[in-house]
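Asks: Dropping the structure in here first, questions after.
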Amino acid sequence: MSINPSVGLKALRALYALVTATGSPAPAIRTDTTEYTEERLPAYNVFRAKDKFSYEGAFRAAGATFDVTIRAMVKATAQADEVVDPLVVWAWQQVMADGTLGGIVQDAKITAVEYQYVTKGDYDQLAADITVEITVDVSRSDPTQNLTFGE
Amino acid sequence: MAFGDSDLPAFFAVMGEPAVVNGQSMSVFVDMCESPWVHGNGPGSMSEAVTKITAPITAFVSLPIAGQSVTVRGASYTVKNRTMPGDGRIVELELKAQ
């Protein structure tokens with residue numbers, strides 16, 4: 001018996017597809033655990049951060065909130081924030097243009113961008129963690145069932 | 001025969017390689033290591049090359065400061081950080097690519 005993918009995983013796949021669409025300013029990998037050396041930059045790493053659920057709506061539903069991180073990483077000899085800005089802008093435009101990830105979630109929106117600077121090394125390296133909050137109703141008894149769009 | 005601070009210039013002259021620091025020629029040790037940096041939450045990490053030169057303090061007319069130019073192994077850098085470990089007879093300079 002095969003187990004269908006959860007709504008959260010489908011949402012992550014859809015989000016990743018948006019980041020890697022034609023025109024992306026940097027290559028992207030999903031849930032990459034390998035080390036990013038300066039030769040690999042700029043780059044995106046897209047991964048799940050946290051799933052949260054509430055039970056305040058319809059009896060059968062669980063209100064799901066999936067936090068996904070789009071990590072944009074760059075190097076520069078000066079002003080790394082200038083270099084990372086196009087990557088943040090691209091992610092913002094891709095996620096917020098639709099807001100439903102192609103009609104599979106109730107809402108997908110960027111709620112925070114956290115900038116972390118690396119001070120050691122030959123280059124200034126910067127990682128901008130873009131938090132995307134995805135909300136959708138799923139079945140209490142089956143996280144593969146999308147109740148928002150009735151898949 | 002004891003090896004002391006007074007032997008450092010000769011030691012670096014033999015073992016070091018040429019560099020120009022803020023317009024001043026000298027013989028330095030070059031370290032090119034990698035500094036792993038584990039990012040906060042989530043998978044993966046970032047790692048970057050750290051180029052560092054070491055020279056005796058007597059090699060410098062004046063102590064280098066951040067932003068001054070360095071040329072070594074045919075590449076141009078600026079001084080990023082300066083440290084003087086131990087008794088301060090040796091100066092370590094972390095470099096930044098240009």
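Chain labels follow the order of the structure tokens: the first chain is A, the next B, and so on; residue numbering restarts at 1 in every chain, and ligands are counted from 1 in their shown order.
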Write out as a Markdown table a residue-level contact list of chain A versus chain B with cut-off 12 Å: for each qualifying residue the closest pair of atoms and the distance in Å to one decimal, counting only C-alpha atoms, rows sorted by chain and residue number upward.
Replies:
| residue | atom | partner | partner_atom | distance |
| --- | --- | --- | --- | --- |
| A:Ile29 | CA | B:Gly44 | CA | 10.9 |
| A:Arg30 | CA | B:Pro43 | CA | 9.9 |
| A:Thr31 | CA | B:Pro43 | CA | 6.6 |
| A:Asp32 | CA | B:Gly44 | CA | 6.1 |
| A:Thr33 | CA | B:Gly44 | CA | 3.9 |
| A:Thr34 | CA | B:Gly44 | CA | 5.1 |
| A:Glu35 | CA | B:Ser45 | CA | 5.0 |
| A:Tyr36 | CA | B:Met46 | CA | 4.5 |
| A:Thr37 | CA | B:Ser47 | CA | 4.7 |
| A:Glu38 | CA | B:Glu48 | CA | 5.5 |
| A:Glu39 | CA | B:Glu48 | CA | 8.7 |
| A:Arg40 | CA | B:Met46 | CA | 9.8 |
| A:Leu41 | CA | B:Met46 | CA | 9.7 |
| A:Pro42 | CA | B:Met46 | CA | 11.5 |
| A:Ala43 | CA | B:Met46 | CA | 11.0 |
| A:Tyr44 | CA | B:Gly44 | CA | 11.3 |
| A:Asn45 | CA | B:Gly44 | CA | 8.5 |
| A:Val46 | CA | B:Pro43 | CA | 9.5 |
| A:Phe47 | CA | B:Gly42 | CA | 7.4 |
| A:Arg48 | CA | B:Gly42 | CA | 8.0 |
| A:Ala49 | CA | B:Gly42 | CA | 6.7 |
| A:Lys50 | CA | B:Gly42 | CA | 10.0 |
| A:Asp67 | CA | B:Gly42 | CA | 11.7 |
| A:Val68 | CA | B:Gly42 | CA | 10.1 |
| A:Thr69 | CA | B:Gly42 | CA | 8.3 |
| A:Ile70 | CA | B:Gly42 | CA | 10.3 |
| A:Arg71 | CA | B:Gly42 | CA | 9.4 |
| A:Ala72 | CA | B:Met46 | CA | 11.4 |
| A:Met73 | CA | B:Met46 | CA | 8.6 |
| A:Val74 | CA | B:Met46 | CA | 10.1 |
| A:Lys75 | CA | B:Glu48 | CA | 9.5 |
| A:Ala76 | CA | B:Ala97 | CA | 9.1 |
| A:Thr77 | CA | B:Gln98 | CA | 6.3 |
| A:Ala78 | CA | B:Gln98 | CA | 9.1 |
| A:Glu114 | CA | B:Gly40 | CA | 10.6 |
| A:Tyr115 | CA | B:Gly40 | CA | 10.9 |
| A:Gln116 | CA | B:His39 | CA | 8.4 |
| A:Tyr117 | CA | B:His39 | CA | 9.9 |
| A:Val118 | CA | B:Trp37 | CA | 7.8 |
| A:Thr119 | CA | B:Lys80 | CA | 9.0 |
| A:Lys120 | CA | B:Val50 | CA | 6.9 |
| A:Gly121 | CA | B:Val50 | CA | 4.2 |
| A:Asp122 | CA | B:Lys96 | CA | 4.2 |
| A:Tyr123 | CA | B:Lys96 | CA | 5.9 |
| A:Asp124 | CA | B:Lys96 | CA | 8.3 |
| A:Gln125 | CA | B:Glu48 | CA | 8.2 |
| A:Leu126 | CA | B:Met46 | CA | 9.4 |
| A:Ala127 | CA | B:His39 | CA | 8.3 |
| A:Ala128 | CA | B:His39 | CA | 10.7 |
| A:Asp129 | CA | B:Asn41 | CA | 9.5 |
| A:Thr131 | CA | B:Asn41 | CA | 11.7 |
Asks: Those residues you just picked out, can you put them in a file as a compact mmCIF listing (two decimals), in the first residue's frame with N, CA and C atoms?
Replies:
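Output file selection_32.txt is given in full below:
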# COMPACT_ATOMS: atom_id res chain seq x y z
N ILE A 29 17.92 24.30 -4.51
CA ILE A 29 17.82 22.89 -4.16
C ILE A 29 16.85 22.80 -2.99
N ARG A 30 16.15 21.68 -2.90
CA ARG A 30 15.18 21.53 -1.83
C ARG A 30 15.73 20.62 -0.73
N THR A 31 15.68 21.12 0.49
CA THR A 31 16.08 20.38 1.67
C THR A 31 17.48 19.80 1.49
N ASP A 32 18.39 20.64 1.15
CA ASP A 32 19.76 20.21 0.89
C ASP A 32 20.57 20.28 2.18
N THR A 33 21.13 19.14 2.58
CA THR A 33 21.88 19.10 3.84
C THR A 33 23.39 19.23 3.61
N THR A 34 23.81 19.40 2.37
CA THR A 34 25.24 19.50 2.12
C THR A 34 25.75 20.90 2.44
N GLU A 35 27.05 21.00 2.45
CA GLU A 35 27.68 22.26 2.85
C GLU A 35 27.74 23.22 1.66
N TYR A 36 27.46 24.46 1.93
CA TYR A 36 27.55 25.49 0.89
C TYR A 36 28.87 26.23 1.04
N THR A 37 29.80 25.90 0.15
CA THR A 37 31.05 26.66 0.11
C THR A 37 30.86 27.85 -0.83
N GLU A 38 31.80 28.76 -0.78
CA GLU A 38 31.61 30.01 -1.52
C GLU A 38 31.47 29.79 -3.02
N GLU A 39 32.05 28.68 -3.53
CA GLU A 39 31.97 28.42 -4.97
C GLU A 39 30.54 28.12 -5.41
N ARG A 40 29.68 27.72 -4.47
CA ARG A 40 28.30 27.34 -4.83
C ARG A 40 27.33 28.52 -4.76
N LEU A 41 27.81 29.64 -4.35
CA LEU A 41 26.92 30.79 -4.16
C LEU A 41 26.88 31.66 -5.41
N PRO A 42 25.76 32.31 -5.70
CA PRO A 42 24.54 32.36 -4.91
C PRO A 42 23.71 31.10 -5.06
N ALA A 43 22.85 30.87 -4.08
CA ALA A 43 22.02 29.67 -4.11
C ALA A 43 20.81 29.85 -3.19
N TYR A 44 19.77 29.09 -3.53
CA TYR A 44 18.60 28.96 -2.64
C TYR A 44 18.59 27.55 -2.05
N ASN A 45 18.15 27.44 -0.81
CA ASN A 45 17.83 26.15 -0.21
C ASN A 45 16.42 26.27 0.37
N VAL A 46 15.52 25.42 -0.10
CA VAL A 46 14.11 25.52 0.30
C VAL A 46 13.78 24.31 1.17
N PHE A 47 13.30 24.55 2.37
CA PHE A 47 13.03 23.42 3.27
C PHE A 47 11.92 23.75 4.26
N ARG A 48 11.29 22.71 4.81
CA ARG A 48 10.24 22.87 5.80
C ARG A 48 10.86 23.25 7.13
N ALA A 49 10.19 24.13 7.83
CA ALA A 49 10.68 24.56 9.14
C ALA A 49 9.79 24.06 10.27
N LYS A 50 8.47 24.25 10.12
CA LYS A 50 7.58 23.85 11.21
C LYS A 50 6.15 23.71 10.71
N ASP A 67 5.20 26.40 8.04
CA ASP A 67 6.26 27.39 7.85
C ASP A 67 7.35 26.77 6.99
N VAL A 68 7.65 27.40 5.87
CA VAL A 68 8.71 26.94 4.97
C VAL A 68 9.76 28.04 4.89
N THR A 69 11.02 27.62 4.90
CA THR A 69 12.11 28.59 4.79
C THR A 69 12.70 28.55 3.40
N ILE A 70 12.80 29.70 2.78
CA ILE A 70 13.59 29.85 1.55
C ILE A 70 14.86 30.56 1.96
N ARG A 71 15.95 29.84 1.97
CA ARG A 71 17.23 30.43 2.39
C ARG A 71 17.99 30.91 1.15
N ALA A 72 18.21 32.19 1.07
CA ALA A 72 18.98 32.78 -0.04
C ALA A 72 20.38 33.08 0.46
N MET A 73 21.37 32.51 -0.22
CA MET A 73 22.76 32.66 0.25
C MET A 73 23.61 33.32 -0.84
N VAL A 74 24.41 34.28 -0.45
CA VAL A 74 25.26 35.00 -1.41
C VAL A 74 26.63 35.25 -0.79
N LYS A 75 27.56 35.63 -1.67
CA LYS A 75 28.86 36.13 -1.21
C LYS A 75 29.12 37.46 -1.91
N ALA A 76 29.94 38.29 -1.30
CA ALA A 76 30.27 39.59 -1.88
C ALA A 76 31.58 40.07 -1.28
N THR A 77 32.21 40.99 -1.98
CA THR A 77 33.38 41.63 -1.40
C THR A 77 32.99 42.85 -0.59
N ALA A 78 31.78 43.32 -0.78
CA ALA A 78 31.27 44.43 0.02
C ALA A 78 29.76 44.47 -0.14
N GLU A 114 14.98 37.04 7.76
CA GLU A 114 16.04 37.22 8.76
C GLU A 114 17.40 37.14 8.08
N TYR A 115 18.23 38.14 8.32
CA TYR A 115 19.53 38.23 7.67
C TYR A 115 20.62 37.81 8.66
N GLN A 116 21.47 36.88 8.22
CA GLN A 116 22.58 36.46 9.08
C GLN A 116 23.88 36.59 8.31
N TYR A 117 24.81 37.29 8.91
CA TYR A 117 26.06 37.63 8.24
C TYR A 117 27.20 36.75 8.76
N VAL A 118 28.09 36.38 7.85
CA VAL A 118 29.30 35.66 8.24
C VAL A 118 30.47 36.64 8.19
N THR A 119 31.16 36.77 9.31
CA THR A 119 32.21 37.79 9.37
C THR A 119 33.60 37.24 9.10
N LYS A 120 33.75 35.92 9.15
CA LYS A 120 35.06 35.34 8.86
C LYS A 120 35.17 35.06 7.36
N GLY A 121 36.38 34.94 6.88
CA GLY A 121 36.56 34.45 5.53
C GLY A 121 36.90 35.51 4.50
N ASP A 122 37.26 35.01 3.31
CA ASP A 122 37.71 35.89 2.24
C ASP A 122 36.59 36.77 1.70
N TYR A 123 35.35 36.30 1.84
CA TYR A 123 34.22 37.07 1.33
C TYR A 123 33.26 37.38 2.47
N ASP A 124 32.41 38.37 2.21
CA ASP A 124 31.28 38.60 3.09
C ASP A 124 30.17 37.67 2.62
N GLN A 125 29.75 36.78 3.47
CA GLN A 125 28.67 35.87 3.10
C GLN A 125 27.44 36.20 3.93
N LEU A 126 26.31 36.04 3.28
CA LEU A 126 25.06 36.43 3.92
C LEU A 126 23.99 35.40 3.58
N ALA A 127 23.24 35.01 4.58
CA ALA A 127 22.10 34.12 4.38
C ALA A 127 20.84 34.87 4.80
N ALA A 128 19.91 34.96 3.88
CA ALA A 128 18.62 35.59 4.19
C ALA A 128 17.57 34.49 4.27
N ASP A 129 17.06 34.26 5.46
CA ASP A 129 16.02 33.24 5.65
C ASP A 129 14.65 33.88 5.46
N THR A 131 10.84 33.44 5.50
CA THR A 131 9.82 32.54 6.06
C THR A 131 8.51 32.72 5.30
Asks: Using only C-alpha atoms, which protein or nucleic acid residues come within 9 Å of Phe60 (chain B)? Drop anything in the same chain fewer than 6 positions from it, and give the result as a list in words.
Replies: Val21, Gln24 and Met26 of chain B
Asks: Compare A:Ala28, A:Val19, A:Val83, A:Ala11 by their minimum atom-to-atom distance to Thr100 (chain A), counting only C-alpha atoms, and give me the closest one.
Replies: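 Of A:Ala28, A:Val19, A:Val83, A:Ala11, the one nearest Thr100 (chain A) is A:Ala11, counting only C-alpha atoms.
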Asks: Tell me which protein, DNA and RNA residues are within 10 Å of Val72 (chain B), counting only C-alpha atoms, leaving out same-chain ones fewer than 6 positions away, and put them as a list in words.
Replies: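 In the requested form, the answer reads Glu17, Pro18, Ala19, Val20, Val21, Ser27, Val28, Val30, Thr51 and Ile53 of chain B.
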Asks: Now that the selection is made, can you save its residues with C-alpha atoms as a CSV table (one decimal), in the first residue's frame?
Replies:
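Below is the file that was written, part-v5.csv:
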chain,number,residue,atom,x,y,z
B,17,GLU,CA,56.9,33.4,1.1
B,18,PRO,CA,56.8,36.9,-0.3
B,19,ALA,CA,54.0,39.3,0.4
B,20,VAL,CA,53.3,43.0,0.3
B,21,VAL,CA,51.4,44.5,3.2
B,27,SER,CA,58.1,37.2,4.2
B,28,VAL,CA,55.0,35.6,5.6
B,30,VAL,CA,50.2,31.7,4.3
B,51,THR,CA,43.1,33.2,3.9
B,53,ILE,CA,49.1,35.4,6.7
Asks: If you run DSSP over the backbone, which residues in region 1-96 of chain B end up helix (DSSP H, G or I)? Put them as a VMD selection string.
Replies: chain B and resid 5 to 15 57 to 59
Asks: Please dump the current selection as an mmCIF file, in the first residue's frame; keep N, CA and C atoms.
Replies:
data_model
loop_
_atom_site.group_PDB
_atom_site.id
_atom_site.type_symbol
_atom_site.label_atom_id
_atom_site.label_comp_id
_atom_site.auth_asym_id
_atom_site.auth_seq_id
_atom_site.Cartn_x
_atom_site.Cartn_y
_atom_site.Cartn_z
ATOM 1 N N ASP B 5 62.777 34.762 20.346
ATOM 2 C CA ASP B 5 62.108 35.781 19.524
ATOM 3 C C ASP B 5 63.055 36.398 18.503
ATOM 4 N N SER B 6 64.303 36.502 18.872
ATOM 5 C CA SER B 6 65.251 37.152 17.956
ATOM 6 C C SER B 6 65.488 36.330 16.686
ATOM 7 N N ASP B 7 65.122 35.055 16.759
ATOM 8 C CA ASP B 7 65.314 34.190 15.584
ATOM 9 C C ASP B 7 64.121 34.225 14.622
ATOM 10 N N LEU B 8 63.046 34.866 15.042
ATOM 11 C CA LEU B 8 61.836 34.842 14.212
ATOM 12 C C LEU B 8 62.052 35.424 12.813
ATOM 13 N N PRO B 9 62.711 36.577 12.670
ATOM 14 C CA PRO B 9 62.899 37.110 11.313
ATOM 15 C C PRO B 9 63.624 36.131 10.393
ATOM 16 N N ALA B 10 64.687 35.491 10.906
ATOM 17 C CA ALA B 10 65.422 34.532 10.082
ATOM 18 C C ALA B 10 64.549 33.314 9.756
ATOM 19 N N PHE B 11 63.779 32.876 10.740
ATOM 20 C CA PHE B 11 62.887 31.735 10.552
ATOM 21 C C PHE B 11 61.869 32.019 9.448
ATOM 22 N N PHE B 12 61.253 33.194 9.499
ATOM 23 C CA PHE B 12 60.257 33.553 8.480
ATOM 24 C C PHE B 12 60.916 33.779 7.123
ATOM 25 N N ALA B 13 62.131 34.321 7.135
ATOM 26 C CA ALA B 13 62.814 34.585 5.862
ATOM 27 C C ALA B 13 63.073 33.289 5.111
ATOM 28 N N VAL B 14 63.369 32.231 5.851
ATOM 29 C CA VAL B 14 63.673 30.948 5.221
ATOM 30 C C VAL B 14 62.395 30.200 4.870
ATOM 31 N N MET B 15 61.446 30.172 5.785
ATOM 32 C CA MET B 15 60.255 29.340 5.629
ATOM 33 C C MET B 15 59.079 30.057 4.956
ATOM 34 N N ILE B 57 56.218 40.499 14.399
ATOM 35 C CA ILE B 57 55.833 41.898 14.567
ATOM 36 C C ILE B 57 56.955 42.834 14.125
ATOM 37 N N THR B 58 58.177 42.352 14.202
ATOM 38 C CA THR B 58 59.316 43.194 13.808
ATOM 39 C C THR B 58 59.353 43.457 12.304
ATOM 40 N N ALA B 59 58.558 42.705 11.535
ATOM 41 C CA ALA B 59 58.542 42.910 10.094
ATOM 42 C C ALA B 59 57.776 44.168 9.703
#
Asks: Could you pull out all residues of region 46-112 of chain A with a DSSP call of strand (DSSP E) and give them as a VMD selection string?
Replies: chain A and resid 46 to 54 61 to 76 107 to 112
Asks: Excluding Gly103 (chain A) and its own-chain neighbours fewer than 3 positions away, which residues fall within 12 Å of it when counting only C-alpha atoms? Please give them as a list of chain:residue names.
Replies: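 These residues fall inside the cut-off: A:Lys10, A:Ala11, A:Ala14, A:Leu15, A:Asp98, A:Gly99, A:Thr100, A:Gln106, A:Asp107, A:Ala108, A:Val136, A:Asn146, A:Thr148, A:Phe149, A:Gly150, A:Glu151.
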Asks: Next, dump the selected residues to file, keeping only N, CA and C atoms, as a CSV table (one decimal), in the first residue's frame.
Replies:
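File produced: selection.csv:
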chain,number,residue,atom,x,y,z
A,10,LYS,N,3.0,18.6,-0.5
A,10,LYS,CA,2.6,19.1,-1.8
A,10,LYS,C,2.8,20.7,-1.9
A,11,ALA,N,2.5,21.3,-0.8
A,11,ALA,CA,2.7,22.8,-0.8
A,11,ALA,C,4.1,23.1,-0.9
A,14,ALA,N,5.2,22.8,-4.5
A,14,ALA,CA,4.7,23.9,-5.3
A,14,ALA,C,5.5,25.1,-5.1
A,15,LEU,N,5.9,25.4,-3.8
A,15,LEU,CA,6.7,26.6,-3.5
A,15,LEU,C,8.0,26.5,-4.2
A,98,ASP,N,0.5,34.9,-6.6
A,98,ASP,CA,-0.7,34.1,-6.6
A,98,ASP,C,-1.2,34.0,-5.2
A,99,GLY,N,-0.4,33.5,-4.3
A,99,GLY,CA,-0.8,33.4,-2.9
A,99,GLY,C,-1.5,32.1,-2.6
A,100,THR,N,-1.8,31.3,-3.6
A,100,THR,CA,-2.5,30.0,-3.3
A,100,THR,C,-1.6,28.9,-3.8
A,106,GLN,N,-5.0,27.8,1.0
A,106,GLN,CA,-5.8,29.0,1.3
A,106,GLN,C,-5.0,30.2,1.1
A,107,ASP,N,-3.8,30.2,1.7
A,107,ASP,CA,-2.9,31.4,1.6
A,107,ASP,C,-1.5,31.0,1.8
A,108,ALA,N,-0.6,31.7,1.1
A,108,ALA,CA,0.8,31.6,1.2
A,108,ALA,C,1.4,33.0,1.2
A,136,VAL,N,-3.8,26.2,5.3
A,136,VAL,CA,-4.8,25.3,4.5
A,136,VAL,C,-5.5,24.4,5.5
A,146,ASN,N,-7.0,17.6,1.5
A,146,ASN,CA,-7.1,19.1,1.5
A,146,ASN,C,-8.5,19.5,1.5
A,148,THR,N,-9.6,22.6,2.1
A,148,THR,CA,-9.7,24.0,1.6
A,148,THR,C,-10.2,23.9,0.1
A,149,PHE,N,-9.5,23.1,-0.6
A,149,PHE,CA,-9.8,23.0,-2.1
A,149,PHE,C,-10.4,21.6,-2.4
A,150,GLY,N,-10.7,20.8,-1.4
A,150,GLY,CA,-11.4,19.6,-1.6
A,150,GLY,C,-10.8,18.6,-2.6
A,151,GLU,N,-9.5,18.4,-2.4
A,151,GLU,CA,-8.8,17.4,-3.3
A,151,GLU,C,-9.3,16.0,-3.0
Asks: CA of Pro143 (chain A) to CA of Ala64 (chain A): how many Å, to one decimal?
Replies: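 Spanning CA of Pro143 (chain A) to CA of Ala64 (chain A) is a straight-line distance of 9.2 Å.
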Asks: Suppose you want the space between CA of Pro85 (chain B) and CA of Gly4 (chain B); what is it in Å?
Replies: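 These two atoms are separated by 16.1 Å.
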